[in-house]
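Asker: One structure is given below, represented as structure tokens, and several questions about it will come after.
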Amino acid sequence: MSPRGAAALAVLMAAAMAAAGPALGLRLRGRHRAPRGGTGALTAAAAGGEACGGLRGVPAALGNNTHQCIFDDLSSSVSLSWVGDSTGVILSFGQSKLYRSEDYGKTFLDISSLINNTFIRTEFGVAIGPGNSGKVILTGDVSGGSRWGRIFRSMDFARNFIQTDLPFQPLVQLSYSPRDSDCLLALSTENGLWVSRDFGHKWVLIHRAVCLAKWGSDGTIFFTTFLNNSCTDLGFLELKKTSDFGSSFKLIGTKIYSFGLGGRFLFASVMTEKGTTRRIHVSLDQGENWNMAQLPSVGHEQFYSILAANEDLVFMHVDEPGDTGFGTIYTSDDRGIVYSKSLERHLYTTTGGETDFTNVTSLRGIFITSVLSEDNSIQSVITFDRGGQWVPLRKPKNTTCDSTARSKDECSLHIHASYSISQKLNVPMAPLSEPNAVGIVIAHGSVGGAISVMPPDVYISDDGGYTWARMLEGPHHYSILDSGGLIVAVKHSSQPINAIEFSTDEGQCWYRYLFSKEPIFFTGLASEPGARSMTVSVWGFRGSFFRKWVSYTIDFSELLSRTCEDKDYTIWLAHSSDPGDPSDGCILGYKEQYRRLRKSSVCRNGRDYVVTKQPSVCPCTLQDFLCDFGYYRPENQSVCVEQPELKGHDLEFCLYGRWELLRTSGYRKIPGDQCSGGESPAREETDLKKKCTSNLLSPSALAAPRSPAAAVLAVGTALLLTAAIAGLLVKKYVCGGRFLVQRYSVLQQHAEANDAETIDALGPPAPAKPGYHDDSDEDLLE
């Protein structure tokens, strides 16, 4: 399970299911049958097509551990929420019924009576407490347009619930404090900010006219308020904070357009005096002091997005002027103030905030995204050093280039991610990686000169994206189990299915197991977040007009009964490309040797498996440096060159209220890089002994450009607006608009109720986008 606590999964039915008949909107009325084993039929084949073997007793081991649950009468969707870490507790609800499992989905018990058969809100109905707190809050769907809300609280992993009527109607999901799960924050439909310090039993209104509120990592509450009776009055909001649950407040900013939190950074987007551009300011001390980010400013038709942020680095996307569908990625220094150009023509539309930016969590420093080429084709690129250099993905072995390539032999792999899903391509899932499945990345892709609209195949990398191999033919749903020791997949099809495929050697050899004699219309593959489980559930339904929902939970523990021993592991050097080079494996200043499971070992890592690694420091090279402020790396080049628009200008910027003169040879060390000795490009910041202030973000004195000639650049932001405001955004359609390929079903992973590491959306959140689970610190800040 994810270290950030419980997560929620929703298995949704697609709007158009021609093969399944018309939607009936049935309510949840369930009966459960005793566990019934699968058919036991089994076939095996290698990814390349040749026969393979090695596993014995598969039909009996899986047949005896395949558990069926039938739900007679369900709503149009089923949601699953895991409660706690490795507890096996799952909540399943449609709308009018609530079910609970405490054996990872093998059996379910109807507990609807515990919540008086109340309907649960579909958009933010479940809030799971952090870690193993056992806390659950269900938000009821109160009928009749009532001004008041109703929640059901549990402190014992959903064994019992307490009904509590709220003195307000929630606008968004209730939020847990990262410091104390008894402390809750809520925003009402009447823009009131409410807090509770006793797990929702009593609530206190601490402020009115609130547009957006967030917890800080230390329990401080940050929020924006409006002055002119509307949250749509962006650029005229005030930013405040309270560290004592509303006993006192401090104004830390005015003229606010939006704000956000990421890592240790607090960001505020501020309107300029003219009101035509916005500039981003950064604080490292919770708004007590601010600095202006050295980035391009944006106008009303543009936006910016924090793609990822941790304690020492920010990935920032800045939209290009005009209706282009792309922008530029910048990476920050460890203060979040000085930024360097990392990637140009980065694909990012405002159509729902779609970007393919993906954090590969199975190995440090790696990100994958898409660029829009001059001919409007979309191509994938990857970085192994946190944005220092981006390169195409290598062509997988034993594959041929498709018609998008100029040559049949020279091309690369292109990954389908969020943008392809938004365009209704036949892509059921985005790329998948897990921190405890070292080096493994699974993704849909095509091999050619650009992303193809044809149905993709599934590819896997076992080294973090350096090399790839085709794993499965055609689109599939997939999941990583047992810390990478087991991979399962189900074919994506509009026709009923009754087979699941699995591999114990990282996708080289595949076994096909028939879990039922009678096929089902497949809607989702569900496994406990965190990739430690040995069980997986296949969800779907039978019937056209009177649907009968069904789940099959398959437990692989008996099949992989032997616990892995020392002999089953090998030592593996990450980022290795040339074993003869002394610097082989050096990324971000150090090497890492991992203890990894051998592909030939048939055993299980187990829930207690811990990734072990041995780091060693490397001497510094130019690869340990980003291009400094005013410099960038042209595509496929390692040398930093000066930005043409900044030539001849002094590189001056404002830092902590004083002008600084930057003298640089074009390089600065990558934040978090641990190299020592070796190359050390010259870099110096000189205090010019001159104060610099700005009235943009009262009451604090902030940085401002001294003159048009000064090379001081600033950035603004746009909120992730509510549905009422969303119509004001510029809609961008890249590559000819939306493709007319409908997906049959999707597996949706919702954001966790409490996630201190993730950058939350700015503004009341839009409805969750169907499509994919990415356990990275990603967010879209439009």
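Ordering of the structure tokens sets the chain letters (A, B, ...), residue numbers begin anew at 1 in every chain, and ligands are numbered from 1 in the order given.
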With only C-alpha atoms counted and 12 Å as the cut-off, give the residues of region 367-420 of chain A in contact with region 569-585 of chain A, each with its shortest interatomic distance in Å and the pair that gives it, as a tab-separated table.
Answerer:
residue	atom	partner	partner_atom	distance
A:Thr383	CA	A:His575	CA	11.6
A:Phe384	CA	A:His575	CA	8.2
A:Asp385	CA	A:His575	CA	10.1
Asker: Write a file of the selected residues as an mmCIF file, in the first residue's frame, keeping N, CA, C and O atoms.
Answerer:
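Now in part27.cif:
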data_model
loop_
_atom_site.group_PDB
_atom_site.id
_atom_site.type_symbol
_atom_site.label_atom_id
_atom_site.label_comp_id
_atom_site.auth_asym_id
_atom_site.auth_seq_id
_atom_site.Cartn_x
_atom_site.Cartn_y
_atom_site.Cartn_z
ATOM 1 N N THR A 383 13.744 11.908 -19.210
ATOM 2 C CA THR A 383 14.926 12.434 -18.539
ATOM 3 C C THR A 383 15.297 11.500 -17.397
ATOM 4 O O THR A 383 14.423 10.980 -16.696
ATOM 5 N N PHE A 384 16.594 11.271 -17.220
ATOM 6 C CA PHE A 384 17.083 10.404 -16.154
ATOM 7 C C PHE A 384 17.751 11.206 -15.031
ATOM 8 O O PHE A 384 18.212 10.633 -14.055
ATOM 9 N N ASP A 385 17.809 12.544 -15.201
ATOM 10 C CA ASP A 385 18.516 13.384 -14.235
ATOM 11 C C ASP A 385 17.680 14.595 -13.813
ATOM 12 O O ASP A 385 18.171 15.701 -13.748
#
Asker: Would you return as a list of chain:residue names the members of region 236-421 of chain A that DSSP assigns to alpha helix (DSSP H) on this structure's backbone?
Answerer: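 Selecting the alpha helix (DSSP H) positions of region 236-421 of chain A gives A:Ser418, A:Tyr419, A:Ser420, A:Ile421.
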Asker: Given the selection you just returned, output its residues as a file containing C-alpha atoms, formatted as a compact mmCIF listing (two decimals), in the first residue's frame.
Answerer:
# COMPACT_ATOMS: atom_id res chain seq x y z
CA SER A 418 -3.10 11.18 -20.02
CA TYR A 419 -3.44 13.08 -23.30
CA SER A 420 -4.11 9.90 -25.32
CA ILE A 421 -6.72 8.85 -22.77
Asker: DSSP says strand (DSSP E) for which residues of region 50-205 of chain A? Put them as a PyMOL selection string?
Answerer: chain A and resi 66-71+77-83+89-93+98-101+109-110+126-128+136-139+150-154+162-165+175-176+184-187+193-196+204-205
Asker: Go through A:Ile256, A:Ala489, A:Ala450, A:Val391 one by one, measure the shortest atom-to-atom distance of each to His414 (chain A) using only C-alpha atoms, and give the residue with the smallest value.
Answerer: A:Ala450
Asker: Rank A:Asn359, A:Ser412, A:Ser551, A:Thr220 by their smallest atom-to-atom distance to Thr467 (chain A), using only C-alpha atoms, and report the top residue only.
Answerer: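 Of A:Asn359, A:Ser412, A:Ser551, A:Thr220, the one nearest Thr467 (chain A) is A:Ser412, counting only C-alpha atoms.
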Asker: Using Å and a single decimal, report how far CA of Ser340 (chain A) sits from CA of Gly253 (chain A).
Answerer: 26.4 Å
Asker: List the neighbours of Tyr552 (chain A) out to 7 Å using only C-alpha atoms; skip same-chain residues closer than 6 positions along the sequence, and give me the result as a PyMOL selection string.
Answerer: chain A and resi 66-69+537-539
Asker: Can I get the selection written as a short mmCIF file (atom, residue, chain, number, x, y, z; two decimals), in the first residue's frame, with N, CA and C atoms?
Answerer:
data_model
loop_
_atom_site.label_atom_id
_atom_site.label_comp_id
_atom_site.auth_asym_id
_atom_site.auth_seq_id
_atom_site.Cartn_x
_atom_site.Cartn_y
_atom_site.Cartn_z
N THR A 66 -9.76 -18.70 -6.01
CA THR A 66 -10.52 -17.72 -6.79
C THR A 66 -11.88 -17.55 -6.13
N HIS A 67 -12.19 -16.35 -5.70
CA HIS A 67 -13.37 -16.09 -4.88
C HIS A 67 -14.33 -15.18 -5.64
N GLN A 68 -15.58 -15.63 -5.75
CA GLN A 68 -16.58 -14.88 -6.51
C GLN A 68 -17.59 -14.22 -5.57
N CYS A 69 -17.89 -12.98 -5.84
CA CYS A 69 -18.98 -12.27 -5.16
C CYS A 69 -19.93 -11.73 -6.22
N SER A 537 -8.48 -8.29 -7.91
CA SER A 537 -9.90 -8.49 -8.17
C SER A 537 -10.26 -8.04 -9.58
N VAL A 538 -11.02 -8.87 -10.27
CA VAL A 538 -11.54 -8.55 -11.59
C VAL A 538 -13.01 -8.21 -11.42
N TRP A 539 -13.37 -6.99 -11.81
CA TRP A 539 -14.75 -6.52 -11.64
C TRP A 539 -15.44 -6.41 -13.00
#
